[in-house]
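Enquirer: final03.cif is reproduced below (mmCIF, C-alpha atoms).
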```cif
data_protein
loop_
_atom_site.label_atom_id
_atom_site.label_comp_id
_atom_site.auth_asym_id
_atom_site.auth_seq_id
_atom_site.Cartn_x
_atom_site.Cartn_y
_atom_site.Cartn_z
CA MET R 1 158.83 87.91 120.91
CA VAL R 2 158.25 87.13 124.56
CA ALA R 3 160.57 88.94 126.95
CA THR R 4 162.43 86.88 129.52
CA VAL R 5 164.44 87.94 132.55
CA THR R 6 167.52 87.12 130.50
CA SER R 7 166.40 88.85 127.30
CA CYS R 8 165.37 91.94 129.30
CA ALA R 9 168.98 92.27 130.38
CA VAL R 10 169.90 93.59 126.96
CA PRO R 11 168.00 96.57 125.55
CA SER R 12 166.65 95.83 122.08
CA GLU R 13 166.67 98.20 119.11
CA GLY R 14 164.89 101.46 119.98
CA GLN R 15 165.49 100.87 123.69
CA ALA R 16 169.05 102.18 123.84
CA ASP R 17 168.34 104.40 126.85
CA LEU R 18 166.70 101.59 128.81
CA PRO R 19 168.17 99.91 131.86
CA SER R 20 167.74 96.15 132.22
CA PHE R 21 164.53 94.99 133.86
CA ALA R 22 166.40 94.03 137.05
CA GLU R 23 168.01 97.48 137.18
CA ALA R 24 164.62 99.11 136.70
CA VAL R 25 163.19 97.11 139.62
CA ASP R 26 166.09 98.14 141.81
CA ALA R 27 165.94 101.79 140.78
CA HIS R 28 162.20 102.26 141.19
CA LYS R 29 161.15 99.80 143.89
CA ALA R 30 161.07 102.50 146.61
CA MET R 31 158.96 104.79 144.43
CA VAL R 32 156.41 102.11 143.54
CA PHE R 33 156.26 100.63 147.05
CA SER R 34 155.92 104.07 148.68
CA ILE R 35 153.03 105.13 146.46
CA GLY R 36 151.29 101.92 147.49
CA TRP R 37 152.24 102.35 151.15
CA HIS R 38 151.11 105.98 151.45
CA PHE R 39 147.92 105.18 149.61
CA LEU R 40 146.96 101.87 151.25
CA ARG R 41 148.72 102.11 154.65
CA ASP R 42 149.08 98.34 154.58
CA ARG R 43 152.60 96.94 154.08
CA PRO R 44 151.68 93.47 152.71
CA ALA R 45 149.12 95.03 150.35
CA ALA R 46 151.64 97.68 149.27
CA GLU R 47 154.27 95.00 148.56
CA GLU R 48 151.80 92.83 146.64
CA LEU R 49 150.73 95.87 144.63
CA ALA R 50 154.36 96.78 143.87
CA GLN R 51 155.16 93.21 142.78
CA GLU R 52 152.13 93.08 140.50
CA VAL R 53 153.10 96.43 138.95
CA PHE R 54 156.64 95.22 138.22
CA LEU R 55 155.35 91.94 136.76
CA GLN R 56 153.05 93.93 134.51
CA LEU R 57 156.05 96.06 133.52
CA TYR R 58 157.94 92.85 132.74
CA ARG R 59 155.14 91.66 130.44
CA ASN R 60 155.12 95.06 128.71
CA TRP R 61 158.88 95.52 128.63
CA SER R 62 159.12 95.42 124.83
CA GLY R 63 156.90 98.52 124.68
CA MET R 64 159.18 100.63 126.89
CA LYS R 65 160.97 103.39 125.00
CA SER R 66 163.19 105.11 127.56
CA ARG R 67 163.97 105.54 131.26
CA ASP R 68 161.48 108.41 131.47
CA HIS R 69 158.85 106.27 129.83
CA VAL R 70 159.43 103.54 132.42
CA VAL R 71 159.03 106.05 135.29
CA PHE R 72 155.86 107.57 133.80
CA TRP R 73 154.45 104.09 133.12
CA LEU R 74 155.22 102.89 136.68
CA ARG R 75 153.64 105.95 138.32
CA LYS R 76 150.55 105.68 136.15
CA VAL R 77 150.00 101.94 136.59
CA THR R 78 150.77 102.05 140.32
CA SER R 79 148.32 104.93 140.87
CA HIS R 80 145.50 103.29 138.96
CA ARG R 81 146.10 99.88 140.50
CA ALA R 82 146.21 101.33 144.02
CA ILE R 83 142.89 103.10 143.46
CA ASP R 84 141.47 99.83 142.04
CA VAL R 85 142.67 97.87 145.09
CA VAL R 86 140.86 100.22 147.45
CA ARG R 87 137.71 100.18 145.36
CA ARG R 88 137.72 96.42 144.81
CA ARG R 89 138.53 95.27 148.30
CA LYS R 90 136.63 98.04 149.99
CA MET R 91 139.80 98.48 151.98
CA HIS R 92 138.88 102.05 152.76
CA PRO R 93 141.20 103.21 155.48
CA GLU R 94 139.17 106.20 154.47
CA MET R 95 137.75 107.13 157.80
CA SER R 96 136.72 110.72 158.08
CA LEU R 97 139.34 113.09 159.32
CA GLU R 98 137.31 113.46 162.50
CA GLU R 99 137.41 109.70 163.09
CA ALA R 100 141.12 109.33 162.44
CA ALA R 101 143.04 108.33 165.54
CA GLU R 102 144.99 111.12 167.13
CA PRO R 103 147.96 111.02 169.45
CA THR R 104 146.61 111.59 172.91
CA VAL R 105 149.56 111.72 175.24
CA LEU R 106 151.69 114.51 173.93
CA GLU R 107 150.64 118.12 174.10
CA ARG R 108 152.87 118.98 171.23
CA MET R 109 154.04 116.50 168.69
CA GLN R 110 157.70 116.14 167.88
CA ASP R 111 158.73 116.22 164.21
CA SER R 112 158.66 112.45 163.79
CA LEU R 113 155.24 112.25 165.37
CA LEU R 114 153.97 115.06 163.19
CA ALA R 115 155.25 113.22 160.13
CA SER R 116 153.59 110.00 161.25
CA TYR R 117 150.40 111.86 162.06
CA LEU R 118 150.35 113.59 158.67
CA GLU R 119 151.04 110.27 156.96
CA ARG R 120 147.95 108.80 158.61
CA MET R 121 145.90 111.86 157.81
CA VAL R 122 146.90 111.65 154.14
CA ALA R 123 145.76 108.02 154.10
CA SER R 124 142.35 109.16 155.32
CA LEU R 125 141.74 111.50 152.35
CA PRO R 126 139.34 110.47 149.56
CA GLU R 127 140.97 108.29 146.87
CA LYS R 128 141.69 110.77 144.06
CA GLN R 129 142.63 113.52 146.49
CA ARG R 130 144.93 111.14 148.36
CA MET R 131 146.68 109.98 145.17
CA ALA R 132 147.11 113.58 143.97
CA VAL R 133 148.67 114.56 147.32
CA VAL R 134 150.94 111.48 147.35
CA LEU R 135 152.18 112.14 143.80
CA ARG R 136 152.62 115.86 144.52
CA TYR R 137 154.59 115.53 147.74
CA GLN R 138 156.16 112.08 147.55
CA GLU R 139 157.13 112.26 143.90
CA ASP R 140 157.45 116.04 143.64
CA MET R 141 155.33 115.98 140.49
CA SER R 142 153.71 119.10 139.05
CA PRO R 143 149.89 119.26 138.79
CA GLU R 144 150.27 118.92 135.00
CA GLU R 145 152.29 115.71 135.36
CA ILE R 146 149.79 114.35 137.91
CA ALA R 147 146.98 115.22 135.53
CA GLN R 148 148.61 113.05 132.86
CA VAL R 149 149.04 110.14 135.24
CA LEU R 150 145.52 110.30 136.67
CA GLU R 151 143.96 111.26 133.33
CA MET R 152 142.34 114.39 134.73
CA LYS R 153 142.46 118.11 134.02
CA ALA R 154 145.35 119.98 135.63
CA SER R 155 142.88 122.44 137.16
CA SER R 156 141.04 119.54 138.85
CA VAL R 157 144.33 118.23 140.22
CA LYS R 158 145.17 121.68 141.65
CA THR R 159 141.76 121.78 143.33
CA LEU R 160 142.22 118.27 144.74
CA ILE R 161 145.62 119.12 146.19
CA SER R 162 144.49 122.45 147.57
CA ARG R 163 141.43 120.94 149.28
CA GLY R 164 143.48 118.03 150.57
CA LEU R 165 145.98 120.41 152.12
CA GLU R 166 143.18 122.47 153.66
CA LEU R 167 141.74 119.38 155.32
CA LEU R 168 145.15 118.27 156.57
CA ARG R 169 145.99 121.71 157.86
CA ALA R 170 142.68 122.12 159.66
CA LYS R 171 143.04 118.83 161.45
CA THR R 172 146.72 119.25 162.27
CA SER R 173 146.28 122.84 163.35
CA ARG R 174 143.52 121.84 165.75
CA ARG R 175 145.75 119.17 167.22
CA LEU R 176 148.85 121.26 167.55
CA GLY R 177 147.20 124.45 168.62
CA GLU R 178 147.66 127.87 167.18
CA SER R 179 151.06 128.22 168.80
CA ASP R 180 152.81 125.96 166.32
CA HIS R 181 154.60 128.24 163.91
CA ARG R 182 154.63 125.70 161.05
CA ILE R 183 150.88 125.85 160.87
CA ARG R 184 150.21 129.38 162.10
CA HIS R 185 152.36 131.12 159.49
CA ASP R 186 151.25 128.90 156.68
CA THR R 187 149.04 130.20 153.93
CA VAL R 188 148.09 128.61 150.64
CA MET H 1 156.35 125.54 148.92
CA THR H 2 154.87 126.61 152.26
CA PRO H 3 156.22 125.31 155.60
CA PHE H 4 153.15 123.12 155.96
CA GLU H 5 153.72 121.63 152.52
CA GLU H 6 157.31 120.97 153.55
CA GLU H 7 155.97 119.02 156.54
CA VAL H 8 153.65 117.00 154.27
CA LYS H 9 156.54 116.33 151.90
CA LYS H 10 158.66 115.13 154.83
CA ALA H 11 155.83 112.88 155.99
CA LEU H 12 155.47 111.42 152.50
CA SER H 13 159.12 110.60 151.97
CA ARG H 14 159.85 107.34 150.18
CA HIS H 15 160.12 104.06 152.09
CA GLU H 16 162.26 101.12 151.03
CA PRO H 17 160.22 97.95 150.42
CA PRO H 18 160.83 94.92 152.66
CA ALA H 19 164.19 93.17 152.25
CA GLY H 20 164.40 90.79 149.30
CA PHE H 21 161.67 92.59 147.36
CA ALA H 22 163.61 92.79 144.08
CA ASP H 23 164.61 89.12 144.34
CA ARG H 24 160.98 88.13 144.82
CA VAL H 25 159.93 90.16 141.77
CA LEU H 26 162.64 88.59 139.61
CA ALA H 27 161.73 85.11 140.89
CA ARG H 28 158.10 85.69 139.96
CA ALA H 29 159.17 86.96 136.53
CA ARG H 30 161.22 83.78 136.00
CA GLU H 31 158.28 81.68 137.18
CA GLN H 32 156.11 83.52 134.66
CA ASP H 33 158.63 82.65 131.92
CA ARG H 34 158.71 79.02 133.03
CA LYS H 35 154.91 78.72 132.94
CA GLN H 36 154.81 80.37 129.52
CA ALA H 37 157.46 77.94 128.22
CA ALA H 38 155.60 74.99 129.78
CA ARG H 39 152.35 76.05 128.08
CA THR H 40 154.07 76.29 124.68
CA GLY H 41 156.07 73.07 125.20
CA GLY H 42 152.99 71.17 126.39
CA TRP H 43 151.09 72.06 123.26
CA LEU H 44 153.98 70.97 121.06
CA ARG H 45 154.29 67.68 122.98
CA ARG H 46 150.57 67.04 122.52
CA LEU H 47 150.98 67.68 118.81
CA ARG H 48 153.72 65.04 118.63
CA SER H 49 151.67 62.53 120.57
CA TRP H 50 150.83 59.26 118.77
CA ARG H 51 147.28 59.54 119.96
CA LEU H 52 146.83 62.43 117.56
CA VAL H 53 147.95 60.40 114.51
CA PRO H 54 144.53 58.79 113.82
CA VAL H 55 142.82 62.13 114.29
CA LEU H 56 145.24 63.84 111.91
CA ALA H 57 144.87 60.95 109.39
CA ALA H 58 141.08 61.18 109.54
CA LEU H 59 141.31 64.94 109.05
CA MET H 60 143.58 64.46 106.02
CA VAL H 61 141.22 61.85 104.48
CA MET H 62 138.23 64.10 105.03
CA THR H 63 140.02 67.08 103.54
CA GLY H 64 141.20 64.98 100.58
CA GLY H 65 137.66 63.69 100.04
CA ILE H 66 136.23 67.19 100.04
CA VAL H 67 138.90 68.41 97.60
CA TYR H 68 138.32 65.38 95.32
CA GLN H 69 134.54 65.89 95.34
CA GLU H 70 134.96 69.53 94.48
CA HIS H 71 137.33 68.63 91.66
CA GLU H 72 134.85 66.02 90.31
CA ARG H 73 132.00 68.52 90.43
CA GLU H 74 134.07 71.06 88.48
CA ALA H 75 135.07 68.40 85.90
CA ARG H 76 131.42 67.34 85.41
CA GLY H 77 130.40 70.96 84.98
CA GLU H 78 133.15 71.53 82.42
CA ALA H 79 132.12 68.38 80.43
CA ALA H 80 128.46 69.49 80.43
CA LYS H 81 129.54 72.92 79.16
CA GLN H 82 131.57 71.37 76.33
CA GLN H 83 128.64 69.12 75.37
CA LEU H 84 126.28 72.07 75.28
CA LEU H 85 128.68 74.09 73.09
CA LEU H 86 129.04 71.10 70.71
CA ALA H 87 125.27 70.69 70.53
CA MET H 88 124.89 74.38 69.74
CA ARG H 89 127.56 74.18 67.02
CA ILE H 90 125.81 71.14 65.42
CA ALA H 91 122.43 72.81 65.60
CA GLY H 92 123.88 75.98 64.05
CA SER H 93 125.45 73.99 61.26
CA LYS H 94 122.18 72.15 60.54
CA LEU H 95 120.29 75.41 60.55
CA HIS H 96 122.78 76.89 58.10
CA ASP H 97 122.36 73.86 55.77
CA ALA H 98 118.58 74.20 55.96
CA GLN H 99 118.81 77.91 55.09
CA LEU H 100 120.90 77.10 52.00
CA VAL H 101 118.33 74.50 50.83
CA VAL H 102 115.47 76.97 51.32
CA ARG H 103 117.32 79.65 49.28
CA GLU H 104 117.97 77.17 46.42
CA VAL H 105 114.26 76.20 46.33
CA GLU H 106 113.22 79.88 46.29
CA GLN H 107 115.54 80.69 43.37
#
```
Would you mind giving the structure from this file in C-alpha coordinates?

Expert:
Amino acid sequence: MVATVTSCAVPSEGQADLPSFAEAVDAHKAMVFSIGWHFLRDRPAAEELAQEVFLQLYRNWSGMKSRDHVVFWLRKVTSHRAIDVVRRRKMHPEMSLEEAAEPTVLERMQDSLLASYLERMVASLPEKQRMAVVLRYQEDMSPEEIAQVLEMKASSVKTLISRGLELLRAKTSRRLGESDHRIRHDTV
Amino acid sequence: MTPFEEEVKKALSRHEPPAGFADRVLARAREQDRKQAARTGGWLRRLRSWRLVPVLAALMVMTGGIVYQEHEREARGEAAKQQLLLAMRIAGSKLHDAQLVVREVEQ
(Lines of atoms letter the chains of each structure in order from A and count residues from 1; the text may use other names and numbers.)
(Lines give C-alpha, C1' and ligand atoms only; values in the text may rest on other atoms or scores of the structure.)
Protein backbone atom coordinates (compact mmCIF):
# COMPACT_ATOMS: atom_id res chain seq x y z
CA MET A 1 0.00 0.00 0.00
CA VAL A 2 1.33 3.44 -0.84
CA ALA A 3 1.49 5.83 2.09
CA THR A 4 -0.11 9.24 1.70
CA VAL A 5 0.10 12.33 3.87
CA THR A 6 -3.40 11.45 5.04
CA SER A 7 -2.77 7.74 5.60
CA CYS A 8 0.46 8.56 7.48
CA ALA A 9 -1.64 10.45 10.00
CA VAL A 10 -2.84 7.18 11.48
CA PRO A 11 -0.27 4.61 12.62
CA SER A 12 -0.95 1.21 11.09
CA GLU A 13 -0.71 -2.14 12.86
CA GLY A 14 2.75 -2.62 14.38
CA GLN A 15 3.33 1.14 14.41
CA ALA A 16 1.48 1.90 17.63
CA ASP A 17 4.34 3.96 19.06
CA LEU A 18 4.70 6.04 15.91
CA PRO A 19 3.78 9.69 15.59
CA SER A 20 2.12 10.86 12.36
CA PHE A 21 4.46 11.81 9.54
CA ALA A 22 3.69 15.52 10.04
CA GLU A 23 4.48 15.21 13.76
CA ALA A 24 7.74 13.44 12.95
CA VAL A 25 8.75 16.28 10.61
CA ASP A 26 7.97 18.84 13.27
CA ALA A 27 9.75 16.93 16.02
CA HIS A 28 12.94 16.18 14.12
CA LYS A 29 13.33 19.03 11.63
CA ALA A 30 15.90 20.86 13.81
CA MET A 31 17.96 17.69 14.24
CA VAL A 32 18.03 16.85 10.53
CA PHE A 33 18.59 20.45 9.40
CA SER A 34 21.36 21.01 11.97
CA ILE A 35 23.29 17.91 10.96
CA GLY A 36 23.16 19.20 7.39
CA TRP A 37 24.04 22.75 8.43
CA HIS A 38 27.02 21.82 10.62
CA PHE A 39 28.27 19.45 7.97
CA LEU A 40 27.72 21.55 4.83
CA ARG A 41 27.80 25.12 6.22
CA ASP A 42 25.39 26.10 3.46
CA ARG A 43 21.81 26.93 4.49
CA PRO A 44 20.04 26.27 1.14
CA ALA A 45 21.96 23.00 0.73
CA ALA A 46 21.17 22.01 4.32
CA GLU A 47 17.46 22.73 3.79
CA GLU A 48 17.38 20.82 0.49
CA LEU A 49 19.15 17.90 2.16
CA ALA A 50 16.68 17.94 5.08
CA GLN A 51 13.69 18.04 2.72
CA GLU A 52 15.03 15.13 0.68
CA VAL A 53 15.63 13.12 3.86
CA PHE A 54 12.05 13.69 5.04
CA LEU A 55 10.64 12.81 1.62
CA GLN A 56 12.64 9.60 1.70
CA LEU A 57 11.25 8.95 5.18
CA TYR A 58 7.75 9.53 3.77
CA ARG A 59 8.32 6.94 1.04
CA ASN A 60 9.61 4.48 3.65
CA TRP A 61 7.05 5.29 6.32
CA SER A 62 5.42 1.85 6.25
CA GLY A 63 8.75 0.33 7.33
CA MET A 64 9.05 2.47 10.47
CA LYS A 65 8.58 0.50 13.68
CA SER A 66 8.82 3.05 16.49
CA ARG A 67 9.84 6.60 17.43
CA ASP A 68 13.37 5.40 18.19
CA HIS A 69 13.53 3.71 14.82
CA VAL A 70 12.52 6.96 13.11
CA VAL A 71 15.26 8.89 14.96
CA PHE A 72 17.93 6.28 14.16
CA TRP A 73 16.79 6.14 10.53
CA LEU A 74 16.84 9.95 10.17
CA ARG A 75 20.32 10.29 11.68
CA LYS A 76 21.68 7.52 9.50
CA VAL A 77 20.15 8.71 6.23
CA THR A 78 21.01 12.36 6.92
CA SER A 79 24.64 11.49 7.71
CA HIS A 80 25.12 9.36 4.62
CA ARG A 81 23.32 11.81 2.35
CA ALA A 82 25.34 14.75 3.69
CA ILE A 83 28.60 12.90 3.02
CA ASP A 84 27.31 12.02 -0.47
CA VAL A 85 26.42 15.66 -1.17
CA VAL A 86 29.94 16.78 -0.35
CA ARG A 87 31.51 14.01 -2.39
CA ARG A 88 29.19 14.44 -5.37
CA ARG A 89 29.21 18.19 -5.65
CA LYS A 90 32.80 18.56 -4.56
CA MET A 91 31.42 21.15 -2.20
CA HIS A 92 34.38 20.73 0.07
CA PRO A 93 34.31 23.60 2.51
CA GLU A 94 37.12 21.36 3.59
CA MET A 95 39.91 23.86 3.57
CA SER A 96 42.80 22.93 5.78
CA LEU A 97 42.63 24.20 9.31
CA GLU A 98 45.50 26.52 8.47
CA GLU A 99 43.54 28.04 5.58
CA ALA A 100 40.34 28.52 7.54
CA ALA A 101 39.48 32.17 8.04
CA GLU A 102 40.17 33.47 11.49
CA PRO A 103 38.76 36.46 13.32
CA THR A 104 41.35 39.17 13.06
CA VAL A 105 40.08 42.10 15.06
CA LEU A 106 39.58 40.75 18.52
CA GLU A 107 42.45 39.73 20.73
CA ARG A 108 40.22 37.44 22.67
CA MET A 109 37.03 36.01 21.34
CA GLN A 110 33.82 36.32 23.27
CA ASP A 111 31.75 33.17 23.83
CA SER A 112 29.54 33.70 20.80
CA LEU A 113 32.55 34.31 18.60
CA LEU A 114 34.27 31.23 19.96
CA ALA A 115 31.17 29.19 19.18
CA SER A 116 31.01 30.60 15.67
CA TYR A 117 34.72 30.03 15.21
CA LEU A 118 34.48 26.43 16.43
CA GLU A 119 31.49 25.85 14.16
CA ARG A 120 33.56 26.93 11.18
CA MET A 121 36.51 24.86 12.30
CA VAL A 122 34.31 21.77 12.62
CA ALA A 123 33.11 22.33 9.05
CA SER A 124 36.73 22.26 7.91
CA LEU A 125 37.41 18.76 9.27
CA PRO A 126 37.59 15.78 6.89
CA GLU A 127 34.18 14.26 6.07
CA LYS A 128 34.01 11.22 8.37
CA GLN A 129 35.74 13.04 11.21
CA ARG A 130 33.38 15.99 10.80
CA MET A 131 30.26 13.79 10.84
CA ALA A 132 31.52 11.88 13.91
CA VAL A 133 32.13 15.17 15.76
CA VAL A 134 28.73 16.58 14.72
CA LEU A 135 26.89 13.45 15.87
CA ARG A 136 28.90 13.30 19.10
CA TYR A 137 28.43 16.91 20.17
CA GLN A 138 25.26 18.02 18.39
CA GLU A 139 23.31 14.84 19.00
CA ASP A 140 25.09 13.74 22.17
CA MET A 141 25.48 10.25 20.72
CA SER A 142 27.91 7.69 22.13
CA PRO A 143 30.74 6.39 19.92
CA GLU A 144 28.89 3.06 19.75
CA GLU A 145 25.72 4.73 18.46
CA ILE A 146 27.74 6.78 15.95
CA ALA A 147 29.46 3.59 14.82
CA GLN A 148 26.05 2.08 14.01
CA VAL A 149 24.97 5.14 12.06
CA LEU A 150 28.20 5.49 10.09
CA GLU A 151 28.67 1.72 9.76
CA MET A 152 32.14 1.80 11.29
CA LYS A 153 33.87 0.25 14.28
CA ALA A 154 33.37 2.05 17.59
CA SER A 155 37.14 2.19 18.06
CA SER A 156 37.50 4.00 14.71
CA VAL A 157 34.82 6.48 15.75
CA LYS A 158 36.65 7.18 19.03
CA THR A 159 39.86 7.80 17.09
CA LEU A 160 38.07 10.11 14.64
CA ILE A 161 36.54 12.16 17.45
CA SER A 162 39.76 12.30 19.43
CA ARG A 163 41.81 13.46 16.43
CA GLY A 164 39.12 15.93 15.44
CA LEU A 165 39.17 17.45 18.90
CA GLU A 166 42.96 17.62 18.87
CA LEU A 167 42.91 19.55 15.60
CA LEU A 168 40.21 21.90 16.86
CA ARG A 169 41.98 22.47 20.14
CA ALA A 170 45.33 23.15 18.49
CA LYS A 171 43.87 25.74 16.19
CA THR A 172 41.67 27.38 18.80
CA SER A 173 44.40 27.37 21.40
CA ARG A 174 46.77 29.12 19.01
CA ARG A 175 44.16 31.74 18.32
CA LEU A 176 43.14 32.36 21.88
CA GLY A 177 46.55 32.12 23.42
CA GLU A 178 47.60 30.05 26.35
CA SER A 179 45.85 32.38 28.77
CA ASP A 180 42.38 31.11 27.97
CA HIS A 181 41.44 28.77 30.78
CA ARG A 182 38.96 26.76 28.69
CA ILE A 183 41.76 25.54 26.50
CA ARG A 184 44.69 25.63 28.93
CA HIS A 185 43.11 23.34 31.53
CA ASP A 186 41.66 20.98 28.99
CA THR A 187 43.03 17.51 28.57
CA VAL A 188 41.65 14.59 26.61
CA MET B 1 33.16 15.97 29.19
CA THR B 2 36.08 18.42 29.25
CA PRO B 3 35.57 22.21 29.17
CA PHE B 4 36.75 22.27 25.57
CA GLU B 5 34.24 19.60 24.61
CA GLU B 6 31.58 21.69 26.33
CA GLU B 7 32.57 24.59 24.08
CA VAL B 8 32.33 22.36 20.99
CA LYS B 9 28.95 21.11 22.14
CA LYS B 10 27.76 24.70 22.59
CA ALA B 11 29.04 25.58 19.13
CA LEU B 12 27.21 22.60 17.63
CA SER B 13 23.84 23.30 19.20
CA ARG B 14 20.82 22.64 17.01
CA HIS B 15 19.48 25.31 14.66
CA GLU B 16 15.86 25.63 13.60
CA PRO B 17 15.37 25.32 9.83
CA PRO B 18 14.04 28.32 7.89
CA ALA B 19 10.41 29.28 8.55
CA GLY B 20 7.84 27.18 6.70
CA PHE B 21 10.17 24.20 6.37
CA ALA B 22 7.64 21.62 7.61
CA ASP B 23 4.94 23.05 5.33
CA ARG B 24 7.26 22.77 2.34
CA VAL B 25 8.06 19.14 3.19
CA LEU B 26 4.38 18.25 3.53
CA ALA B 27 3.57 20.07 0.28
CA ARG B 28 6.26 18.09 -1.53
CA ALA B 29 4.92 14.87 0.01
CA ARG B 30 1.41 15.71 -1.26
CA GLU B 31 2.86 16.55 -4.68
CA GLN B 32 4.59 13.16 -4.65
CA ASP B 33 1.22 11.51 -3.89
CA ARG B 34 -0.46 13.47 -6.67
CA LYS B 35 2.16 12.44 -9.23
CA GLN B 36 1.90 8.82 -8.11
CA ALA B 37 -1.89 8.93 -8.46
CA ALA B 38 -1.60 10.62 -11.87
CA ARG B 39 0.79 7.91 -13.08
CA THR B 40 -1.60 5.14 -11.96
CA GLY B 41 -4.70 6.97 -13.26
CA GLY B 42 -3.04 7.73 -16.60
CA TRP B 43 -2.27 4.08 -17.17
CA LEU B 44 -5.84 3.08 -16.34
CA ARG B 45 -7.21 5.77 -18.68
CA ARG B 46 -4.97 4.51 -21.48
CA LEU B 47 -6.26 1.01 -20.85
CA ARG B 48 -9.85 2.23 -21.27
CA SER B 49 -9.02 4.12 -24.43
CA TRP B 50 -10.89 3.04 -27.60
CA ARG B 51 -7.66 3.12 -29.51
CA LEU B 52 -6.58 0.04 -27.59
CA VAL B 53 -9.66 -1.99 -28.61
CA PRO B 54 -8.28 -3.15 -32.01
CA VAL B 55 -4.96 -4.00 -30.40
CA LEU B 56 -6.67 -5.99 -27.65
CA ALA B 57 -8.94 -7.71 -30.25
CA ALA B 58 -5.94 -8.65 -32.39
CA LEU B 59 -4.18 -9.98 -29.29
CA MET B 60 -7.24 -12.08 -28.39
CA VAL B 61 -7.52 -13.49 -31.95
CA MET B 62 -3.83 -14.34 -31.99
CA THR B 63 -4.03 -15.99 -28.59
CA GLY B 64 -7.17 -17.90 -29.63
CA GLY B 65 -5.46 -19.03 -32.83
CA ILE B 66 -2.44 -20.29 -30.95
CA VAL B 67 -4.62 -22.16 -28.44
CA TYR B 68 -6.72 -23.66 -31.27
CA GLN B 69 -3.63 -24.79 -33.18
CA GLU B 70 -2.21 -26.39 -30.08
CA HIS B 71 -5.51 -28.15 -29.44
CA GLU B 72 -5.61 -29.42 -33.07
CA ARG B 73 -2.06 -30.70 -32.83
CA GLU B 74 -2.88 -32.60 -29.63
CA ALA B 75 -6.05 -34.06 -31.21
CA ARG B 76 -4.12 -35.23 -34.30
CA GLY B 77 -1.49 -36.80 -32.08
CA GLU B 78 -4.15 -38.60 -30.04
CA ALA B 79 -5.87 -39.93 -33.23
CA ALA B 80 -2.54 -41.19 -34.59
CA LYS B 81 -1.87 -42.94 -31.27
CA GLN B 82 -5.28 -44.64 -31.35
CA GLN B 83 -4.72 -45.76 -34.96
CA LEU B 84 -1.34 -47.22 -34.07
CA LEU B 85 -2.80 -49.11 -31.09
CA LEU B 86 -5.61 -50.49 -33.32
CA ALA B 87 -3.10 -51.56 -35.95
CA MET B 88 -1.05 -53.32 -33.30
CA ARG B 89 -4.14 -55.08 -31.92
CA ILE B 90 -5.12 -56.28 -35.44
CA ALA B 91 -1.60 -57.44 -36.20
CA GLY B 92 -1.47 -59.28 -32.86
CA SER B 93 -4.78 -60.96 -33.57
CA LYS B 94 -3.64 -62.05 -37.05
CA LEU B 95 -0.40 -63.36 -35.63
CA HIS B 96 -2.32 -65.34 -33.03
CA ASP B 97 -4.55 -66.87 -35.76
CA ALA B 98 -1.48 -67.79 -37.80
CA GLN B 99 0.11 -69.46 -34.76
CA LEU B 100 -3.04 -71.58 -34.23
CA VAL B 101 -3.01 -72.70 -37.90
CA VAL B 102 0.69 -73.63 -37.68
CA ARG B 103 0.07 -75.71 -34.51
CA GLU B 104 -2.85 -77.57 -36.17
CA VAL B 105 -0.67 -78.41 -39.21
CA GLU B 106 2.15 -79.64 -36.94
CA GLN B 107 -0.19 -81.94 -34.99

Enquirer: Could you jot down the CA of Glu7 in chain H to CA of Gln129 in chain R separation for me, Å, one decimal place?

Expert: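 Between CA of Glu7 in chain H and CA of Gln129 in chain R the gap is 17.6 Å.
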
Enquirer: Residues of chain R no more than 6 Å from chain H, counting only C-alpha atoms: send them over as a VMD selection string.

Expert: chain R and resid 30 33 to 34 51 115 119 137 to 138 182

Enquirer: Could you list, as number ranges by chain, every residue matched by the PyMOL selection byres ((chain R and resi 147-163) around 10) in this structure?

Expert: R: 72-80, 125-126, 128-137, 141-146, 164-169, 188

Enquirer: Please report the interatomic distance between CA of Ala75 in chain H and CA of Ala58 in chain H in Å with one decimal.

Expert: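 The value is 25.4 Å.
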
Enquirer: Just give me the gap between CA of Glu139 in chain R and CA of Gly36 in chain R in Å, one decimal is fine.

Expert: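 A separation of 12.4 Å between them.
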